[in-house]
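Reading through the structure tokens given below for one structure.
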Amino acid sequence: MAVGEVMRMEIPAGGDLKVTSPELHVLAVDDSIVDRKVIERLLKISACKVTTVESGTRALQYLGLDGDKGASDLKDLKVNLIVTDYSMPGLTGYDLLKKIKESSAFREIPVVIMSSENILPRIEQCIKEGAEEFLLKPVKLADVKRIKQLIMRNEAEAEECKTLRSHYNKREFPKDIDTPSPSSSSTTTSNDDDDSSVKDFPSSKRMKSEAENLSTLL
């Protein structure tokens, strides 16, 4: 499964275990209960599994990034997308974004920032820090559907790349390629050297014989 996917397991009334297909799991963070309900409703309409928390601190606890291993009963679940409000007391959405991107376990999860204020430097700051997108409130259903399609497409591409890498690593090269053996190569080279030495230089026996004939004549 791709990063962050959650396999749901349902037990119907009959008691038989049924496993359904993975779904997009979104963690929504907002200190306003009204805005939380709105984004939760839009995500559920888009067929997403939603977990809502009321602060950036609670989001860190849910993800297990607060240093307290027992802080969240749901810490073993993974999420595909984090949607957070920017202006929250204590830990802001920007602070939450930075902590997520600093985490080796969750830095790949897309983070979308929401805000009712259209402040360009704030938007640029969030995008520079790694936010996937910056949405202006009130968030619309079209925004949620567009982001969902983007996340699913990115995960599909990541899974395809993973499959291609696996296929490439397992690829076998032909074993019947003819390659000259070191022994034959060295033998050939040796013979060539011998032939050239015979052609270019007189043998030692012949030189000795000629020297003896010369001494006899003298």
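Identifiers in the structure tokens: chain A, B, ... in order shown; residue index from 1 per chain; ligand index from 1 in order shown.
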What's around Asp35 (chain A) at 10 Å? Count only C-alpha atoms, leave out sequence neighbours fewer than 5 positions away in its own chain, and write the answer as JSON, numbers by chain.
{"A": [28, 29, 30, 40, 41, 85, 137, 138, 139]}
Contacts of Pro110 (chain A) within 7 Å, only C-alpha atoms, excl. fewer than 2 positions in-chain, as an MDAnalysis selection string
chainID A and resid 81:82 108 112 131:132
With 8 Å as the cut-off and only C-alpha atoms counted, what is the closest atom pair between each nearby residue of region 28-73 of chain A and region 143-165 of chain A? Distances in Å to one decimal, ordered by chain and number, as CSV.
```
residue,atom,partner,partner_atom,distance
A:Leu42,CA,A:Val144,CA,6.9
A:Leu43,CA,A:Val144,CA,6.6
A:Ser46,CA,A:Lys145,CA,6.3
```
So that I have them on file, write out the residues from the current selection with all heavy atoms, as a compact mmCIF listing (two decimals), in the first residue's frame.
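Okay, this is what ended up in out04.txt:
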```txt
# COMPACT_ATOMS: atom_id res chain seq x y z
N LEU A 42 -17.72 18.09 4.28
CA LEU A 42 -17.24 18.13 2.90
C LEU A 42 -16.35 16.92 2.59
O LEU A 42 -16.43 16.35 1.48
CB LEU A 42 -16.46 19.43 2.66
CG LEU A 42 -17.26 20.73 2.71
CD1 LEU A 42 -16.34 21.93 2.53
CD2 LEU A 42 -18.36 20.73 1.65
N LEU A 43 -15.52 16.54 3.53
CA LEU A 43 -14.63 15.39 3.30
C LEU A 43 -15.41 14.09 3.24
O LEU A 43 -15.10 13.21 2.42
CB LEU A 43 -13.58 15.33 4.43
CG LEU A 43 -12.49 16.41 4.37
CD1 LEU A 43 -11.72 16.47 5.68
CD2 LEU A 43 -11.54 16.17 3.20
N SER A 46 -17.06 13.60 0.05
CA SER A 46 -16.06 13.18 -0.95
C SER A 46 -15.53 11.78 -0.67
O SER A 46 -14.50 11.39 -1.22
CB SER A 46 -14.90 14.18 -0.97
OG SER A 46 -15.35 15.48 -1.25
```
Just how far from CA of Glu23 (chain A) is CA of Lys99 (chain A), in Å to one decimal?
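A separation of 25.1 Å between them.
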So, counting only C-alpha atoms, which residue among A:Leu136, A:Ala105, A:Leu91, A:Leu65 is closest to Ile119 (chain A)?
A:Leu136
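One distance worth recording is that between CA of Ile127 (chain A) and CA of Lys98 (chain A), which is 11.0 Å.
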Rank nothing, just name the residue among A:Ile109, A:Ile39, A:Leu120, A:Cys126 nearest to Gly93 (chain A), using only C-alpha atoms.
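Between A:Ile109, A:Ile39, A:Leu120, A:Cys126, the residue approaching Gly93 (chain A) most closely is A:Cys126.
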If I take CA of Lys44 (chain A) and CA of Val79 (chain A), how far is one from the other in Å, to one decimal?
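Calculated distance between CA of Lys44 (chain A) and CA of Val79 (chain A) is 14.7 Å.
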Using DSSP assignments from the backbone, pull out every residue in region 23-144 of chain A that falls under helix (DSSP H, G or I) and give it to me as a ChimeraX atom specification.
/A:33-45,56-63,93-101,120-129,141-144
Between A:Ser55, A:Val50, A:Val38, A:Glu102, single out the one closest to Lys140 (chain A), counting only C-alpha atoms.
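The closest residue to Lys140 (chain A) is A:Val38.
Of the residues under consideration (A:Lys49, A:Leu141, A:Gly56, A:Glu129), A:Lys49 shows the shortest atom-to-atom contact distance to Lys78 (chain A) when counting only C-alpha atoms.
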Which residues in region 38-156 of chain A does DSSP call strand (DSSP E or B)? List them as number ranges by chain.
A: 49-53, 81-85, 111-115, 133-136
Limited to N, CA, C and O atoms, could you put the picked residues into a file as a short mmCIF file (atom, residue, chain, number, x, y, z; two decimals), in the first residue's frame?
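Full text of selection_26.cif as output:
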```
data_model
loop_
_atom_site.label_atom_id
_atom_site.label_comp_id
_atom_site.auth_asym_id
_atom_site.auth_seq_id
_atom_site.Cartn_x
_atom_site.Cartn_y
_atom_site.Cartn_z
N LYS A 49 -12.36 9.21 4.90
CA LYS A 49 -12.41 8.93 6.33
C LYS A 49 -11.83 10.14 7.04
O LYS A 49 -10.77 10.64 6.65
N VAL A 50 -12.51 10.65 8.06
CA VAL A 50 -12.11 11.91 8.68
C VAL A 50 -11.89 11.73 10.18
O VAL A 50 -12.71 11.11 10.86
N THR A 51 -10.80 12.30 10.66
CA THR A 51 -10.55 12.44 12.09
C THR A 51 -10.37 13.92 12.38
O THR A 51 -9.57 14.58 11.71
N THR A 52 -11.13 14.47 13.33
CA THR A 52 -11.04 15.89 13.64
C THR A 52 -10.46 16.09 15.03
O THR A 52 -10.77 15.35 15.96
N VAL A 53 -9.62 17.11 15.16
CA VAL A 53 -9.08 17.53 16.46
C VAL A 53 -9.18 19.04 16.55
O VAL A 53 -9.24 19.73 15.53
N LEU A 81 -3.68 12.78 4.39
CA LEU A 81 -3.75 14.22 4.19
C LEU A 81 -4.05 14.89 5.53
O LEU A 81 -4.83 14.36 6.33
N ILE A 82 -3.41 16.04 5.76
CA ILE A 82 -3.68 16.85 6.95
C ILE A 82 -4.19 18.21 6.50
O ILE A 82 -3.53 18.90 5.71
N VAL A 83 -5.36 18.58 6.98
CA VAL A 83 -5.96 19.88 6.67
C VAL A 83 -6.03 20.66 7.98
O VAL A 83 -6.67 20.20 8.93
N THR A 84 -5.41 21.82 8.04
CA THR A 84 -5.36 22.56 9.30
C THR A 84 -5.64 24.05 9.10
O THR A 84 -5.26 24.65 8.08
N ASP A 85 -6.32 24.63 10.08
CA ASP A 85 -6.53 26.06 10.10
C ASP A 85 -5.21 26.75 10.40
O ASP A 85 -4.33 26.19 11.07
N VAL A 111 0.09 18.56 3.42
CA VAL A 111 -0.57 19.42 4.41
C VAL A 111 -1.22 20.59 3.67
O VAL A 111 -0.55 21.29 2.89
N VAL A 112 -2.50 20.80 3.93
CA VAL A 112 -3.25 21.91 3.34
C VAL A 112 -3.61 22.89 4.46
O VAL A 112 -4.14 22.49 5.49
N ILE A 113 -3.30 24.16 4.24
CA ILE A 113 -3.59 25.21 5.23
C ILE A 113 -4.88 25.92 4.84
O ILE A 113 -5.09 26.24 3.66
N MET A 114 -5.75 26.19 5.82
CA MET A 114 -6.98 26.95 5.61
C MET A 114 -6.91 28.26 6.40
O MET A 114 -6.32 28.30 7.48
N SER A 115 -7.51 29.30 5.83
CA SER A 115 -7.55 30.58 6.55
C SER A 115 -8.66 31.45 5.98
O SER A 115 -8.97 31.38 4.78
N GLU A 133 -1.17 23.21 -0.37
CA GLU A 133 -2.04 24.25 -0.90
C GLU A 133 -2.54 25.12 0.25
O GLU A 133 -2.52 24.72 1.42
N PHE A 134 -3.00 26.30 -0.10
CA PHE A 134 -3.55 27.25 0.87
C PHE A 134 -4.98 27.57 0.43
O PHE A 134 -5.19 28.14 -0.65
N LEU A 135 -5.97 27.21 1.26
CA LEU A 135 -7.38 27.41 0.92
C LEU A 135 -7.97 28.55 1.74
O LEU A 135 -7.71 28.67 2.93
N LEU A 136 -8.78 29.35 1.08
CA LEU A 136 -9.48 30.42 1.77
C LEU A 136 -10.85 29.91 2.23
O LEU A 136 -11.55 29.23 1.50
#
```
